[in-house]
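A.B. asks: So that we are looking at the same thing, I have put the structure below in structure tokens.
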Amino acid sequence: MNKDQSAVIFDLDGTLWDSGDTVAEAWNDWCGAQGICRRFTPDECRSYCGKTLEEIAALVFPELEKARREELLLGCCMAENPPLSEKGGTLYPDLIPVLEELKKHHFLAVVSNCQEGYIEAFFRGNKTGYLFSDSENAGRTGLTKGENIRLVMERNGIRRAVYVGDTDGDRKAAEQAGIPFIHAAYGFGTVERADAVIRSFRELPQVLASLLNE
């Protein structure tokens, strides 16, 4: 990449897409197959977005020992990947044309706290892989979101970047990585503060130009 090119790094859930319906169905099917009497709604699954696997497992299966609940939650999460790879999730309005325009001038990447295969399911199921030059996830590296943002920046020689996300965890990750944070206010979460706010995806190019002084 051009060393002077800025990067836009995105969270996934609540920022680029909404996969709640498919995720809830996959979790319910998997738990049923395991004989687990637990049912999930799409809104409940959306409420877990932005949290780590360990945090979600403690919320979903609080009565179980740590190792067991994390094993079960990982099973739920891995069950999401095949249906999402096949039929994708719901993209936010204007996402594809806006990303195609941004890609002409910026390095685009995705960093999420998800399991391995989830970002790839987003790429395959919604045919979005061509828009992004890199991605990283906690399931592969075992690192925090902030550390994964820095990892993507360092291995691609990125000097300037912003992180776009919808939760306060995303804001904290951007602060940990030392880059500005843009709050996707149309998503699932609220934040304490942000360097900029977008209320629809189509607002992103103008906000980026202002924030990056381009």
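In the structure tokens, each chain is lettered A, B, ... as it comes, each chain's residues begin at 1, and ligands are numbered from 1 in order of appearance.
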For Leu91 in chain A, please output as a PyMOL selection string all residues within 8 Å (counting only C-alpha atoms; exclusion window: fewer than 4 positions along the same chain).

C.D. replies: chain A and resi 16-18+95+126

A.B. asks: What does the file look like for those residues with N, CA and C atoms, as an mmCIF file, in the first residue's frame?

C.D. replies:
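Final file, result-v8.cif:
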data_model
loop_
_atom_site.group_PDB
_atom_site.id
_atom_site.type_symbol
_atom_site.label_atom_id
_atom_site.label_comp_id
_atom_site.auth_asym_id
_atom_site.auth_seq_id
_atom_site.Cartn_x
_atom_site.Cartn_y
_atom_site.Cartn_z
ATOM 1 N N LEU A 16 -21.124 -3.056 9.958
ATOM 2 C CA LEU A 16 -21.214 -3.397 8.540
ATOM 3 C C LEU A 16 -22.451 -4.234 8.226
ATOM 4 N N TRP A 17 -22.857 -5.083 9.174
ATOM 5 C CA TRP A 17 -24.021 -5.927 8.938
ATOM 6 C C TRP A 17 -24.745 -6.260 10.222
ATOM 7 N N ASP A 18 -25.937 -6.857 10.044
ATOM 8 C CA ASP A 18 -26.744 -7.396 11.133
ATOM 9 C C ASP A 18 -26.982 -8.864 10.810
ATOM 10 N N LEU A 95 -24.020 0.412 1.940
ATOM 11 C CA LEU A 95 -22.702 -0.063 2.351
ATOM 12 C C LEU A 95 -21.794 -0.367 1.165
ATOM 13 N N ASN A 126 -21.946 -12.405 1.700
ATOM 14 C CA ASN A 126 -22.397 -11.128 1.140
ATOM 15 C C ASN A 126 -21.519 -10.637 -0.003
#

A.B. asks: Please provide as an MDAnalysis selection string all residues within 10 Å of Leu102 in chain A, with the sequence filter that same-chain residues fewer than 3 positions apart are discarded (counting only C-alpha atoms).

C.D. replies: chainID A and resid 7:8 96:99 105:108 131 204:205 208

A.B. asks: Taking into account only C-alpha atoms, which residue in the set A:Pro82, A:Leu73, A:Met153, A:Gly89 is nearest to Thr128 in chain A?

C.D. replies: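 Distance minimum relative to Thr128 in chain A lands on A:Gly89.
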
A.B. asks: Find the residues around Asp134 in chain A up to 8 Å (only C-alpha atoms counted), leave out those fewer than 6 positions away in its own chain, and share them as a list in words.

C.D. replies: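 Residues near the query, excluding close chain neighbours: Leu108, Ala109, Val110 and Val152 of chain A.
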
A.B. asks: Generate the output file for the selected residues, N, CA and C atoms, as a short mmCIF file (atom, residue, chain, number, x, y, z; two decimals), in the first residue's frame.

C.D. replies:
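That gives us again03.cif:
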data_model
loop_
_atom_site.label_atom_id
_atom_site.label_comp_id
_atom_site.auth_asym_id
_atom_site.auth_seq_id
_atom_site.Cartn_x
_atom_site.Cartn_y
_atom_site.Cartn_z
N LEU A 108 -8.76 -0.55 3.46
CA LEU A 108 -9.91 -0.99 4.25
C LEU A 108 -9.63 -2.35 4.88
N ALA A 109 -10.03 -2.50 6.16
CA ALA A 109 -9.83 -3.74 6.88
C ALA A 109 -10.96 -3.94 7.89
N VAL A 110 -11.10 -5.18 8.36
CA VAL A 110 -12.09 -5.53 9.37
C VAL A 110 -11.37 -6.15 10.56
N VAL A 152 -2.89 -5.24 12.58
CA VAL A 152 -3.21 -4.97 11.18
C VAL A 152 -2.45 -3.76 10.68
#

A.B. asks: Using only C-alpha atoms for the distances, tell me which of A:Gly165, A:Ile158, A:Lys104, A:Gly35 is nearest to Cys49 in chain A.

C.D. replies: A:Gly165

A.B. asks: Please indicate the distance in Å from CA of Glu136 in chain A to CA of Ile149 in chain A, rounded to one decimal place.

C.D. replies: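 CA of Ile149 in chain A lies at a distance of 7.9 Å from CA of Glu136 in chain A.
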
A.B. asks: Compile the contact shell of Ala26 in chain A as a list in words: residues with an atom at most 9 Å away, counting only C-alpha atoms, same-chain residues fewer than 2 positions apart removed.

C.D. replies: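 Answer for this query is Asp21, Thr22, Val23, Ala24, Asn28, Asp29, Trp30, Cys31, Cys76, Cys77, Ala79, Glu80, Asn81 and Pro83 of chain A.
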
A.B. asks: In Å, with one decimal, what is the gap from CA of Pro62 in chain A to CA of Leu74 in chain A?

C.D. replies: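 Taking CA of Pro62 in chain A as the start and CA of Leu74 in chain A as the end point, the length is 14.7 Å.
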
A.B. asks: Would you list, as a short mmCIF file (atom, residue, chain, number, x, y, z; two decimals) with C-alpha atoms, in the first residue's frame, the residues of range 7-143 of chain A that end up in strand (DSSP E) under DSSP run on this structure's backbone?

C.D. replies:
data_model
loop_
_atom_site.label_atom_id
_atom_site.label_comp_id
_atom_site.auth_asym_id
_atom_site.auth_seq_id
_atom_site.Cartn_x
_atom_site.Cartn_y
_atom_site.Cartn_z
CA ALA A 7 -6.74 3.21 6.65
CA VAL A 8 -10.34 2.74 7.70
CA ILE A 9 -10.69 -0.27 9.98
CA PHE A 10 -14.17 -1.56 10.73
CA TRP A 17 -24.02 -5.93 8.94
CA ASP A 18 -26.74 -7.40 11.13
CA THR A 90 -28.26 -7.97 6.34
CA LEU A 91 -25.93 -5.24 5.09
CA PHE A 107 -6.86 0.91 2.92
CA LEU A 108 -9.91 -0.99 4.25
CA ALA A 109 -9.83 -3.74 6.88
CA VAL A 110 -12.09 -5.53 9.37
CA VAL A 111 -11.16 -6.29 13.00
CA SER A 112 -13.64 -8.14 15.20
CA ASP A 134 -6.94 -7.35 5.48
CA SER A 135 -8.85 -8.66 8.48
CA GLU A 136 -8.19 -10.02 11.93
CA ASN A 137 -10.12 -11.61 14.78
#

A.B. asks: As an exercise, work out the distance from CA of Ala196 in chain A to CA of Pro180 in chain A in Å and give it to one decimal place.

C.D. replies: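 If I compute the distance from CA of Ala196 in chain A to CA of Pro180 in chain A, I get 8.3 Å.
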
A.B. asks: Could you list, as a list in words, every residue within 7 Å of Thr15 in chain A, counting only C-alpha atoms and ignoring same-chain residues fewer than 5 positions away?

C.D. replies: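 Result of the neighbour search: Gly165, Asp166, Ala184 and Gly187 of chain A.
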
A.B. asks: Let me make sure I understand: among A:Val162, A:Tyr48, A:Tyr92, A:Val191, which one has the smallest atom-to-atom distance to Ala209 in chain A if we use only C-alpha atoms?

C.D. replies: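 Of A:Val162, A:Tyr48, A:Tyr92, A:Val191, the one nearest Ala209 in chain A, counting only C-alpha atoms, is A:Val162.
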
A.B. asks: When you look at Gly146 in chain A with a cut-off of 8 Å (counting only C-alpha atoms), what residues show up, excluding the ones that are within fewer than 3 positions of it in the same chain? I need them as a VMD selection string.

C.D. replies: chain A and resid 149 to 150 172 to 177
